[in-house]
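This is input-v7.cif (mmCIF, C-alpha atoms).
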```cif
data_data
#
loop_
_atom_site.label_atom_id
_atom_site.label_comp_id
_atom_site.auth_asym_id
_atom_site.auth_seq_id
_atom_site.Cartn_x
_atom_site.Cartn_y
_atom_site.Cartn_z
CA MET A 1 14.94 12.91 21.32
CA GLU A 2 12.28 11.92 23.83
CA THR A 3 8.72 12.08 22.45
CA LEU A 4 7.25 14.60 24.87
CA GLU A 5 10.33 16.78 24.59
CA ALA A 6 9.95 16.73 20.79
CA ILE A 7 6.29 17.71 21.07
CA PHE A 8 6.97 20.53 23.53
CA THR A 9 10.06 22.00 21.83
CA ARG A 10 9.07 21.76 18.15
CA ARG A 11 8.53 25.18 16.59
CA SER A 12 7.97 26.37 13.04
CA ILE A 13 11.31 27.06 11.36
CA ARG A 14 11.39 29.48 8.45
CA LYS A 15 15.13 30.06 8.04
CA PHE A 16 17.41 27.30 6.89
CA GLN A 17 21.14 26.73 6.57
CA ASP A 18 22.59 26.36 3.11
CA LYS A 19 23.24 22.67 3.70
CA LYS A 20 21.47 19.57 2.45
CA PHE A 21 20.52 16.67 4.71
CA ASP A 22 21.06 13.08 3.71
CA GLU A 23 18.69 10.72 1.94
CA LYS A 24 18.55 8.38 4.93
CA MET A 25 17.06 11.13 7.10
CA LEU A 26 14.60 12.02 4.36
CA LEU A 27 13.41 8.42 4.14
CA GLU A 28 13.02 8.23 7.93
CA ILE A 29 10.91 11.42 7.83
CA LEU A 30 8.73 10.11 5.00
CA LYS A 31 8.34 6.81 6.84
CA ALA A 32 7.11 8.77 9.88
CA GLY A 33 4.41 10.27 7.67
CA MET A 34 3.38 6.81 6.49
CA TYR A 35 3.01 5.55 10.08
CA ALA A 36 0.24 8.03 10.86
CA PRO A 37 -3.12 6.54 11.78
CA SER A 38 -5.82 6.76 9.10
CA ALA A 39 -9.52 6.06 8.88
CA TYR A 40 -9.98 2.35 8.14
CA ASN A 41 -6.18 2.30 7.84
CA GLN A 42 -6.71 3.57 4.30
CA GLN A 43 -3.28 5.29 4.16
CA PRO A 44 -4.60 7.66 1.51
CA TRP A 45 -1.38 9.62 0.96
CA GLN A 46 1.25 10.34 -1.63
CA PHE A 47 4.41 12.33 -0.86
CA ILE A 48 6.08 14.51 -3.46
CA VAL A 49 9.61 15.55 -2.54
CA ILE A 50 10.42 18.85 -4.24
CA ASP A 51 14.12 19.68 -4.40
CA ASP A 52 14.29 21.19 -7.89
CA ARG A 53 15.28 24.80 -7.26
CA LYS A 54 13.22 26.04 -10.22
CA LEU A 55 10.07 24.41 -8.82
CA LEU A 56 10.72 25.64 -5.27
CA ASP A 57 11.12 29.19 -6.54
CA GLU A 58 7.78 29.03 -8.38
CA ILE A 59 5.73 28.21 -5.29
CA PRO A 60 5.77 31.68 -3.63
CA LYS A 61 4.06 33.00 -6.78
CA PHE A 62 0.84 31.26 -5.76
CA HIS A 63 1.40 30.43 -2.07
CA PRO A 64 1.49 33.64 -0.04
CA TYR A 65 3.33 32.24 3.02
CA SER A 66 6.09 30.26 1.35
CA ASN A 67 8.95 32.72 0.98
CA MET A 68 11.13 30.59 3.26
CA LEU A 69 11.37 28.10 0.37
CA LYS A 70 14.13 30.33 -1.04
CA THR A 71 16.48 28.97 1.61
CA ALA A 72 15.00 25.47 2.09
CA PRO A 73 16.87 22.57 0.46
CA LEU A 74 13.60 20.74 -0.13
CA ALA A 75 9.94 20.52 0.73
CA ILE A 76 7.53 17.60 1.03
CA LEU A 77 4.10 18.03 -0.50
CA VAL A 78 1.66 15.76 1.32
CA CYS A 79 -1.16 14.82 -1.05
CA ALA A 80 -4.39 12.88 -0.70
CA ASP A 81 -4.95 10.23 -3.35
CA LEU A 82 -8.70 9.92 -3.95
CA LYS A 83 -8.17 6.53 -5.57
CA LEU A 84 -7.10 5.26 -2.15
CA GLU A 85 -10.15 6.67 -0.35
CA VAL A 86 -12.07 4.14 1.76
CA ALA A 87 -13.69 6.45 4.33
CA LYS A 88 -15.28 9.30 2.39
CA ASP A 89 -13.52 12.65 2.86
CA MET A 90 -11.60 11.49 5.95
CA TRP A 91 -8.27 11.75 4.08
CA ILE A 92 -8.14 15.37 5.24
CA PHE A 93 -7.51 14.14 8.80
CA ASP A 94 -5.20 11.34 7.74
CA CYS A 95 -2.98 13.68 5.76
CA ALA A 96 -2.92 16.15 8.66
CA ALA A 97 -1.77 13.36 11.01
CA ALA A 98 0.94 12.39 8.49
CA THR A 99 2.03 16.04 8.32
CA GLN A 100 2.32 16.27 12.10
CA ASN A 101 4.37 13.06 12.23
CA ILE A 102 6.71 14.52 9.61
CA LEU A 103 7.18 17.75 11.60
CA LEU A 104 7.97 15.81 14.78
CA ALA A 105 10.32 13.37 13.03
CA ALA A 106 12.24 16.21 11.37
CA HIS A 107 12.58 17.99 14.72
CA ALA A 108 13.72 14.79 16.46
CA LEU A 109 16.43 14.42 13.79
CA GLY A 110 17.71 17.95 14.42
CA LEU A 111 16.02 19.50 11.39
CA GLY A 112 13.56 22.37 11.21
CA SER A 113 10.31 22.48 9.29
CA VAL A 114 7.07 24.38 8.96
CA TRP A 115 3.51 23.36 8.03
CA LEU A 116 2.16 25.35 5.10
CA GLY A 117 -1.53 24.84 4.50
CA CYS A 118 -2.61 24.15 0.93
CA TYR A 119 -5.97 22.39 0.96
CA LEU A 120 -9.05 24.54 1.54
CA ARG A 121 -7.26 27.40 -0.25
CA ASP A 122 -8.23 27.18 -3.93
CA GLU A 123 -5.40 29.28 -5.35
CA ARG A 124 -2.78 27.11 -3.62
CA VAL A 125 -4.39 23.84 -4.70
CA LYS A 126 -4.64 25.09 -8.29
CA GLY A 127 -1.06 26.37 -8.14
CA PHE A 128 0.34 22.96 -7.19
CA LYS A 129 -1.94 21.16 -9.64
CA LYS A 130 -0.51 23.28 -12.44
CA LEU A 131 3.12 23.38 -11.28
CA LEU A 132 3.38 19.61 -10.87
CA ASN A 133 0.79 18.65 -13.46
CA LEU A 134 -1.14 16.63 -10.86
CA PRO A 135 -3.94 14.33 -12.01
CA ASP A 136 -7.49 14.99 -10.76
CA HIS A 137 -7.34 12.37 -8.00
CA ILE A 138 -4.26 13.89 -6.32
CA ILE A 139 -5.11 16.72 -3.89
CA PRO A 140 -2.29 18.77 -2.33
CA ILE A 141 -2.98 19.07 1.40
CA SER A 142 0.13 20.57 3.00
CA LEU A 143 3.65 21.60 2.08
CA ILE A 144 6.53 21.08 4.52
CA PRO A 145 9.84 22.85 3.83
CA ILE A 146 12.60 21.05 5.76
CA GLY A 147 16.25 21.81 6.41
CA TYR A 148 18.87 22.46 9.04
CA PRO A 149 17.52 25.41 11.03
CA SER A 150 19.34 28.72 11.05
CA GLU A 151 17.07 30.25 13.67
CA GLU A 152 16.60 29.33 17.28
CA GLU A 153 13.53 27.33 18.35
CA LYS A 154 12.34 29.61 21.13
CA LYS A 155 10.54 28.00 24.04
CA VAL A 156 6.88 28.89 24.40
CA ASP A 157 4.22 28.13 26.95
CA ARG A 158 1.08 27.02 25.15
CA PHE A 159 -0.57 25.25 28.06
CA LYS A 160 -3.93 26.85 28.79
CA LYS A 161 -5.81 25.34 31.68
CA ASP A 162 -9.06 27.06 30.62
CA ARG A 163 -9.17 24.93 27.47
CA ILE A 164 -9.78 21.81 29.57
CA HIS A 165 -13.36 20.90 30.47
CA LYS A 166 -14.78 17.92 32.34
CA ASN A 167 -17.88 16.11 31.14
CA LYS A 168 -19.40 19.34 29.84
CA PHE A 169 -18.36 22.54 28.13
CA LYS A 170 -17.61 25.35 30.64
CA MET B 1 10.31 6.84 24.63
CA GLU B 2 12.28 8.11 21.66
CA THR B 3 10.22 10.14 19.16
CA LEU B 4 10.72 7.99 16.06
CA GLU B 5 10.16 4.84 18.09
CA ALA B 6 6.88 6.31 19.36
CA ILE B 7 5.79 7.18 15.82
CA PHE B 8 6.68 3.74 14.44
CA THR B 9 5.26 1.63 17.28
CA ARG B 10 2.02 3.50 18.04
CA ARG B 11 -1.06 1.49 17.12
CA SER B 12 -4.76 1.95 17.72
CA ILE B 13 -5.74 0.37 21.04
CA ARG B 14 -9.35 -0.68 21.52
CA LYS B 15 -9.13 -2.82 24.67
CA PHE B 16 -8.25 -1.28 27.99
CA GLN B 17 -7.38 -2.50 31.47
CA ASP B 18 -9.81 -1.74 34.27
CA LYS B 19 -7.40 0.76 35.78
CA LYS B 20 -7.38 4.54 35.83
CA PHE B 21 -4.28 6.60 35.05
CA ASP B 22 -3.29 9.58 37.11
CA GLU B 23 -4.21 13.22 36.61
CA LYS B 24 -0.58 14.21 36.03
CA MET B 25 -0.41 11.97 32.95
CA LEU B 26 -3.71 13.33 31.70
CA LEU B 27 -2.45 16.91 31.98
CA GLU B 28 0.74 15.98 30.13
CA ILE B 29 -1.34 14.45 27.33
CA LEU B 30 -3.61 17.50 27.10
CA LYS B 31 -0.56 19.76 27.10
CA ALA B 32 0.80 17.75 24.14
CA GLY B 33 -2.41 18.54 22.28
CA MET B 34 -1.99 22.24 23.03
CA TYR B 35 1.55 22.25 21.64
CA ALA B 36 0.39 21.31 18.15
CA PRO B 37 1.11 23.81 15.39
CA SER B 38 -1.88 25.80 14.16
CA ALA B 39 -2.61 28.23 11.35
CA TYR B 40 -1.53 31.73 12.49
CA ASN B 41 -0.90 30.04 15.84
CA GLN B 42 -4.62 30.43 16.47
CA GLN B 43 -4.78 27.43 18.85
CA PRO B 44 -8.48 27.01 18.05
CA TRP B 45 -9.12 24.07 20.36
CA GLN B 46 -11.07 23.07 23.44
CA PHE B 47 -10.64 19.68 25.14
CA ILE B 48 -13.50 17.98 26.93
CA VAL B 49 -12.41 15.13 29.18
CA ILE B 50 -15.24 12.61 29.50
CA ASP B 51 -14.94 10.20 32.42
CA ASP B 52 -18.57 10.04 33.52
CA ARG B 53 -19.54 6.43 32.90
CA LYS B 54 -23.11 7.38 31.96
CA LEU B 55 -21.88 9.76 29.27
CA LEU B 56 -19.30 7.28 27.93
CA ASP B 57 -21.98 4.62 27.62
CA GLU B 58 -24.24 6.95 25.62
CA ILE B 59 -21.68 7.58 22.86
CA PRO B 60 -21.94 4.20 21.05
CA LYS B 61 -25.62 4.98 20.48
CA PHE B 62 -24.67 7.60 17.91
CA HIS B 63 -21.02 6.79 17.11
CA PRO B 64 -20.82 3.45 15.28
CA TYR B 65 -17.13 2.71 16.03
CA SER B 66 -16.96 3.55 19.71
CA ASN B 67 -17.79 0.30 21.49
CA MET B 68 -14.34 0.26 23.09
CA LEU B 69 -15.56 3.10 25.34
CA LYS B 70 -17.18 0.43 27.49
CA THR B 71 -13.73 -0.46 28.84
CA ALA B 72 -12.01 2.95 28.56
CA PRO B 73 -11.54 4.95 31.78
CA LEU B 74 -11.92 8.20 29.86
CA ALA B 75 -11.94 9.85 26.48
CA ILE B 76 -10.84 13.27 25.28
CA LEU B 77 -13.13 15.08 22.86
CA VAL B 78 -11.07 17.49 20.77
CA CYS B 79 -13.28 20.37 19.68
CA ALA B 80 -12.79 23.38 17.44
CA ASP B 81 -13.89 26.68 18.93
CA LEU B 82 -15.11 28.92 16.12
CA LYS B 83 -14.75 31.97 18.35
CA LEU B 84 -10.99 31.37 18.25
CA GLU B 85 -10.84 31.09 14.46
CA VAL B 86 -8.30 33.38 12.78
CA ALA B 87 -7.59 31.41 9.58
CA LYS B 88 -10.95 30.48 8.10
CA ASP B 89 -11.77 26.75 8.28
CA MET B 90 -8.16 25.76 9.01
CA TRP B 91 -9.09 24.57 12.52
CA ILE B 92 -9.82 21.19 10.97
CA PHE B 93 -6.06 20.72 10.42
CA ASP B 94 -5.08 22.25 13.74
CA CYS B 95 -7.38 19.93 15.68
CA ALA B 96 -6.09 16.95 13.70
CA ALA B 97 -2.50 17.88 14.63
CA ALA B 98 -3.54 18.20 18.28
CA THR B 99 -5.18 14.78 18.08
CA GLN B 100 -2.02 13.20 16.67
CA ASN B 101 0.10 14.78 19.42
CA ILE B 102 -2.29 13.34 22.01
CA LEU B 103 -2.04 9.83 20.52
CA LEU B 104 1.78 9.98 20.51
CA ALA B 105 2.00 11.42 24.02
CA ALA B 106 -0.33 8.74 25.39
CA HIS B 107 1.74 6.03 23.70
CA ALA B 108 5.01 7.49 25.00
CA LEU B 109 3.56 7.38 28.53
CA GLY B 110 2.67 3.68 28.19
CA LEU B 111 -1.02 4.24 27.52
CA GLY B 112 -3.11 3.14 24.56
CA SER B 113 -5.54 5.24 22.56
CA VAL B 114 -7.48 5.36 19.33
CA TRP B 115 -8.59 8.20 17.04
CA LEU B 116 -12.34 8.19 16.46
CA GLY B 117 -13.45 10.57 13.75
CA CYS B 118 -16.39 12.84 14.55
CA TYR B 119 -16.30 15.85 12.26
CA LEU B 120 -17.54 15.38 8.69
CA ARG B 121 -20.01 12.80 10.02
CA ASP B 122 -23.25 14.64 10.80
CA GLU B 123 -24.80 12.04 13.09
CA ARG B 124 -21.71 12.00 15.33
CA VAL B 125 -21.43 15.79 15.48
CA LYS B 126 -25.12 16.06 16.34
CA GLY B 127 -24.78 13.27 18.89
CA PHE B 128 -22.03 15.05 20.81
CA LYS B 129 -23.76 18.43 20.50
CA LYS B 130 -26.83 16.93 22.17
CA LEU B 131 -25.05 14.73 24.73
CA LEU B 132 -22.85 17.55 26.02
CA ASN B 133 -25.17 20.42 25.20
CA LEU B 134 -22.44 22.12 23.17
CA PRO B 135 -22.98 25.73 22.03
CA ASP B 136 -23.04 26.48 18.29
CA HIS B 137 -19.42 27.61 18.11
CA ILE B 138 -18.02 24.36 19.54
CA ILE B 139 -17.50 21.66 16.88
CA PRO B 140 -16.52 18.13 17.95
CA ILE B 141 -13.64 16.99 15.72
CA SER B 142 -12.30 13.75 17.19
CA LEU B 143 -12.76 11.54 20.23
CA ILE B 144 -9.77 9.78 21.81
CA PRO B 145 -10.45 6.97 24.33
CA ILE B 146 -7.32 6.49 26.46
CA GLY B 147 -6.30 3.89 29.02
CA TYR B 148 -3.77 1.25 29.93
CA PRO B 149 -3.82 -1.16 26.99
CA SER B 150 -4.96 -4.74 27.42
CA GLU B 151 -3.99 -5.75 23.91
CA GLU B 152 -0.59 -5.96 22.29
CA GLU B 153 0.55 -3.24 19.91
CA LYS B 154 1.54 -5.43 16.99
CA LYS B 155 4.35 -4.23 14.78
CA VAL B 156 3.39 -3.32 11.24
CA ASP B 157 5.31 -2.27 8.18
CA ARG B 158 3.60 0.74 6.64
CA PHE B 159 6.54 2.01 4.62
CA LYS B 160 5.61 2.09 0.94
CA LYS B 161 8.35 3.27 -1.37
CA ASP B 162 5.90 3.77 -4.24
CA ARG B 163 4.21 6.60 -2.32
CA ILE B 164 7.34 8.73 -2.68
CA HIS B 165 7.73 10.90 -5.78
CA LYS B 166 10.41 13.36 -6.78
CA ASN B 167 9.53 16.73 -8.33
CA LYS B 168 6.55 15.25 -10.14
CA PHE B 169 3.80 12.71 -9.59
CA LYS B 170 4.79 9.26 -10.93
#
```

As structure tokens:
Amino acid sequence: METLEAIFTRRSIRKFQDKKFDEKMLLEILKAGMYAPSAYNQQPWQFIVIDDRKLLDEIPKFHPYSNMLKTAPLAILVCADLKLEVAKDMWIFDCAAATQNILLAAHALGLGSVWLGCYLRDERVKGFKKLLNLPDHIIPISLIPIGYPSEEEKKVDRFKKDRIHKNKFK
Amino acid sequence: METLEAIFTRRSIRKFQDKKFDEKMLLEILKAGMYAPSAYNQQPWQFIVIDDRKLLDEIPKFHPYSNMLKTAPLAILVCADLKLEVAKDMWIFDCAAATQNILLAAHALGLGSVWLGCYLRDERVKGFKKLLNLPDHIIPISLIPIGYPSEEEKKVDRFKKDRIHKNKFK
């Protein structure tokens, strides 16, 4: 799929087919995350693939917007690793860029996904810390359920000319 | 350009040809930013296109990694607009996703760009606030110089198998 087409047609998918996708696609998606730009090229990320049904079913107990996990074959938890930090605190941006690459790669491969925010929401961060027994230096940033979509990706028009300014604001 | 190819071949470009690119490409790139996912679909962004040479030349005085602006025809300042906030503080992720879409769109169109961090660095935020006389609710998040590249985008291998974990960390 062409890059601009992928960007313009990607939508959040919250309903998935009862069908797994292959390991090769998963690796390609994870690789896309790893090719995100990062401050000082610090690549401060770790990716936890969650496909254990028991774990997936625990997440909605502490993450209020994650009910779609009941039908998702797996989810990727993008984490910051503070031991890899070079540029103080900038891992928040790096992990967001990795998340966006993962969403686009999944879409380009015919899969659906959705970005669930974790970081900056204490109860979600604590929930993942406990569920996965994460060490102190591993911070969950975003969770991305991925699978074959069972809902249509409706076209939207998000272009807003009034958000563009030239050399000054307004 | 195919989506995965764009993700895997995009590199930071810091040297630009002395050549402008057309308005149509710029609008396509800005549109790519606007198609990023956002928390509650809040779309909390504003984009300031800076092509005034005097303004571009002021930026390296307060942003330590922006010397490449001397050869860039323009830069896009991605800002969060706090008046558009629905999900508290989550605009930091939304603007990061918009930034990544802009980098990929520019690359797919044959242009080069680089992500310069602004937010979380007080002197840079203050610098842009002053330079562009930004109101309180407009927060500069990232600056993206864009132009025709005059350096090669070298291939890199960023895939690291040891960053992938299954159902637990390590």

Worksheet item: For chain B, which residues have at least one atom within 6 Å of chain A, if we go by all atoms listed in the file? Write them as a PyMOL selection string, please.
Response: chain B and resi 1-3+8+31+35+46-50+93+96-97+100+132+158-159+163-168

Item to complete: Measuring atom to atom with all atoms listed in the file, identify which of A:Ile146, A:Pro60, A:Pro140, A:Glu85 is nearest to Gly110 in chain A.
Response: A:Ile146

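Here CA of Lys61 in chain A and CA of Leu111 in chain A stand 25.6 Å from one another.
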
Practice prompt. Counting all atoms listed in the file, figure out which residue out of A:Met68, A:Pro149, A:Lys83, A:Ile144 gets nearest to Lys20 in chain A.
Written response: A:Pro149

Discussion item. List the spatial neighbours of Gly127 in chain B as a list in words - criterion: any atom at most 8 Å away, all atoms listed in the file, same-chain residues fewer than 4 positions off excluded.
Written reply: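 Those residues are Ile59, Phe62, His63, Glu123 and Leu131 of chain B.
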
Worksheet item: Distance CA of Glu153 in chain B-CA of Asp18 in chain B, one decimal place?
Response: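 Calculated distance between CA of Glu153 in chain B and CA of Asp18 in chain B is 17.8 Å.
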
Worksheet item: Which residue gives the smallest distance to Ala80 in chain B among B:Asp136, B:Asp22, B:Asp122, B:Glu151, with all atoms listed in the file counted?
Response: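 Ranked by minimum distance to Ala80 in chain B, first place goes to B:Asp136.
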
Discussion item. If I take CA of Phe16 in chain A and CA of Tyr40 in chain B, how far is one from the other in Å, to one decimal?
Written reply: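 Between CA of Phe16 in chain A and CA of Tyr40 in chain B the gap works out to 20.2 Å.
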
Kindly compute an axis-aligned box around the listed atoms of range 117-127 of chain B, allowing 8 Å on each side, and express its centre and edge lengths in Å to one decimal as AutoDock Vina command-line options.
```
--center_x -19.3 --center_y 13.3 --center_z 13.8 --size_x 27.7 --size_y 21.5 --size_z 26.2
```

N, CA and C atoms for range 102-126 of chain B, written as a PDB file, keeping the file's coordinate frame, could you do that?
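Saved to selection12.pdb:
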```pdb
ATOM      1  N   ILE B 102      -1.706  14.046  20.861  1.00  0.00           N
ATOM      2  CA  ILE B 102      -2.290  13.340  22.010  1.00  0.00           C
ATOM      3  C   ILE B 102      -2.057  11.833  21.896  1.00  0.00           C
ATOM      4  N   LEU B 103      -2.257  11.268  20.720  1.00  0.00           N
ATOM      5  CA  LEU B 103      -2.040   9.830  20.520  1.00  0.00           C
ATOM      6  C   LEU B 103      -0.579   9.462  20.816  1.00  0.00           C
ATOM      7  N   LEU B 104       0.351  10.275  20.311  1.00  0.00           N
ATOM      8  CA  LEU B 104       1.780   9.980  20.510  1.00  0.00           C
ATOM      9  C   LEU B 104       2.182  10.151  21.966  1.00  0.00           C
ATOM     10  N   ALA B 105       1.669  11.192  22.610  1.00  0.00           N
ATOM     11  CA  ALA B 105       2.000  11.420  24.020  1.00  0.00           C
ATOM     12  C   ALA B 105       1.476  10.274  24.886  1.00  0.00           C
ATOM     13  N   ALA B 106       0.249   9.848  24.627  1.00  0.00           N
ATOM     14  CA  ALA B 106      -0.330   8.740  25.390  1.00  0.00           C
ATOM     15  C   ALA B 106       0.537   7.482  25.226  1.00  0.00           C
ATOM     16  N   HIS B 107       0.904   7.198  23.986  1.00  0.00           N
ATOM     17  CA  HIS B 107       1.740   6.030  23.700  1.00  0.00           C
ATOM     18  C   HIS B 107       3.086   6.123  24.424  1.00  0.00           C
ATOM     19  N   ALA B 108       3.704   7.297  24.363  1.00  0.00           N
ATOM     20  CA  ALA B 108       5.010   7.490  25.000  1.00  0.00           C
ATOM     21  C   ALA B 108       4.923   7.293  26.516  1.00  0.00           C
ATOM     22  N   LEU B 109       3.756   7.538  27.087  1.00  0.00           N
ATOM     23  CA  LEU B 109       3.560   7.380  28.530  1.00  0.00           C
ATOM     24  C   LEU B 109       3.084   5.963  28.897  1.00  0.00           C
ATOM     25  N   GLY B 110       3.049   5.070  27.902  1.00  0.00           N
ATOM     26  CA  GLY B 110       2.670   3.680  28.190  1.00  0.00           C
ATOM     27  C   GLY B 110       1.178   3.430  28.139  1.00  0.00           C
ATOM     28  N   LEU B 111       0.433   4.400  27.633  1.00  0.00           N
ATOM     29  CA  LEU B 111      -1.020   4.240  27.520  1.00  0.00           C
ATOM     30  C   LEU B 111      -1.389   3.882  26.070  1.00  0.00           C
ATOM     31  N   GLY B 112      -2.607   3.425  25.901  1.00  0.00           N
ATOM     32  CA  GLY B 112      -3.110   3.140  24.560  1.00  0.00           C
ATOM     33  C   GLY B 112      -4.257   4.077  24.241  1.00  0.00           C
ATOM     34  N   SER B 113      -4.453   4.339  22.957  1.00  0.00           N
ATOM     35  CA  SER B 113      -5.540   5.240  22.560  1.00  0.00           C
ATOM     36  C   SER B 113      -5.936   4.945  21.122  1.00  0.00           C
ATOM     37  N   VAL B 114      -7.014   5.559  20.703  1.00  0.00           N
ATOM     38  CA  VAL B 114      -7.480   5.360  19.330  1.00  0.00           C
ATOM     39  C   VAL B 114      -8.184   6.643  18.884  1.00  0.00           C
ATOM     40  N   TRP B 115      -8.010   6.983  17.627  1.00  0.00           N
ATOM     41  CA  TRP B 115      -8.590   8.200  17.040  1.00  0.00           C
ATOM     42  C   TRP B 115      -9.952   7.846  16.458  1.00  0.00           C
ATOM     43  N   LEU B 116     -11.001   8.389  17.025  1.00  0.00           N
ATOM     44  CA  LEU B 116     -12.340   8.190  16.460  1.00  0.00           C
ATOM     45  C   LEU B 116     -12.780   9.481  15.777  1.00  0.00           C
ATOM     46  N   GLY B 117     -13.022   9.395  14.504  1.00  0.00           N
ATOM     47  CA  GLY B 117     -13.450  10.570  13.750  1.00  0.00           C
ATOM     48  C   GLY B 117     -14.857  11.006  14.137  1.00  0.00           C
ATOM     49  N   CYS B 118     -15.046  12.297  14.265  1.00  0.00           N
ATOM     50  CA  CYS B 118     -16.390  12.840  14.550  1.00  0.00           C
ATOM     51  C   CYS B 118     -16.791  13.807  13.434  1.00  0.00           C
ATOM     52  N   TYR B 119     -15.955  14.830  13.242  1.00  0.00           N
ATOM     53  CA  TYR B 119     -16.300  15.850  12.260  1.00  0.00           C
ATOM     54  C   TYR B 119     -16.317  15.271  10.847  1.00  0.00           C
ATOM     55  N   LEU B 120     -17.207  15.825  10.055  1.00  0.00           N
ATOM     56  CA  LEU B 120     -17.540  15.380   8.690  1.00  0.00           C
ATOM     57  C   LEU B 120     -18.525  14.208   8.703  1.00  0.00           C
ATOM     58  N   ARG B 121     -18.968  13.812   9.909  1.00  0.00           N
ATOM     59  CA  ARG B 121     -20.010  12.800  10.020  1.00  0.00           C
ATOM     60  C   ARG B 121     -21.142  13.418  10.848  1.00  0.00           C
ATOM     61  N   ASP B 122     -22.181  13.851  10.162  1.00  0.00           N
ATOM     62  CA  ASP B 122     -23.250  14.640  10.800  1.00  0.00           C
ATOM     63  C   ASP B 122     -23.857  13.992  12.039  1.00  0.00           C
ATOM     64  N   GLU B 123     -24.111  12.680  11.968  1.00  0.00           N
ATOM     65  CA  GLU B 123     -24.800  12.040  13.090  1.00  0.00           C
ATOM     66  C   GLU B 123     -23.935  12.047  14.346  1.00  0.00           C
ATOM     67  N   ARG B 124     -22.604  11.993  14.161  1.00  0.00           N
ATOM     68  CA  ARG B 124     -21.710  12.000  15.330  1.00  0.00           C
ATOM     69  C   ARG B 124     -21.601  13.412  15.906  1.00  0.00           C
ATOM     70  N   VAL B 125     -21.495  14.394  15.017  1.00  0.00           N
ATOM     71  CA  VAL B 125     -21.430  15.790  15.480  1.00  0.00           C
ATOM     72  C   VAL B 125     -22.699  16.139  16.254  1.00  0.00           C
ATOM     73  N   LYS B 126     -23.842  15.792  15.668  1.00  0.00           N
ATOM     74  CA  LYS B 126     -25.120  16.060  16.340  1.00  0.00           C
ATOM     75  C   LYS B 126     -25.231  15.311  17.666  1.00  0.00           C
TER      76      LYS B 126
END
```
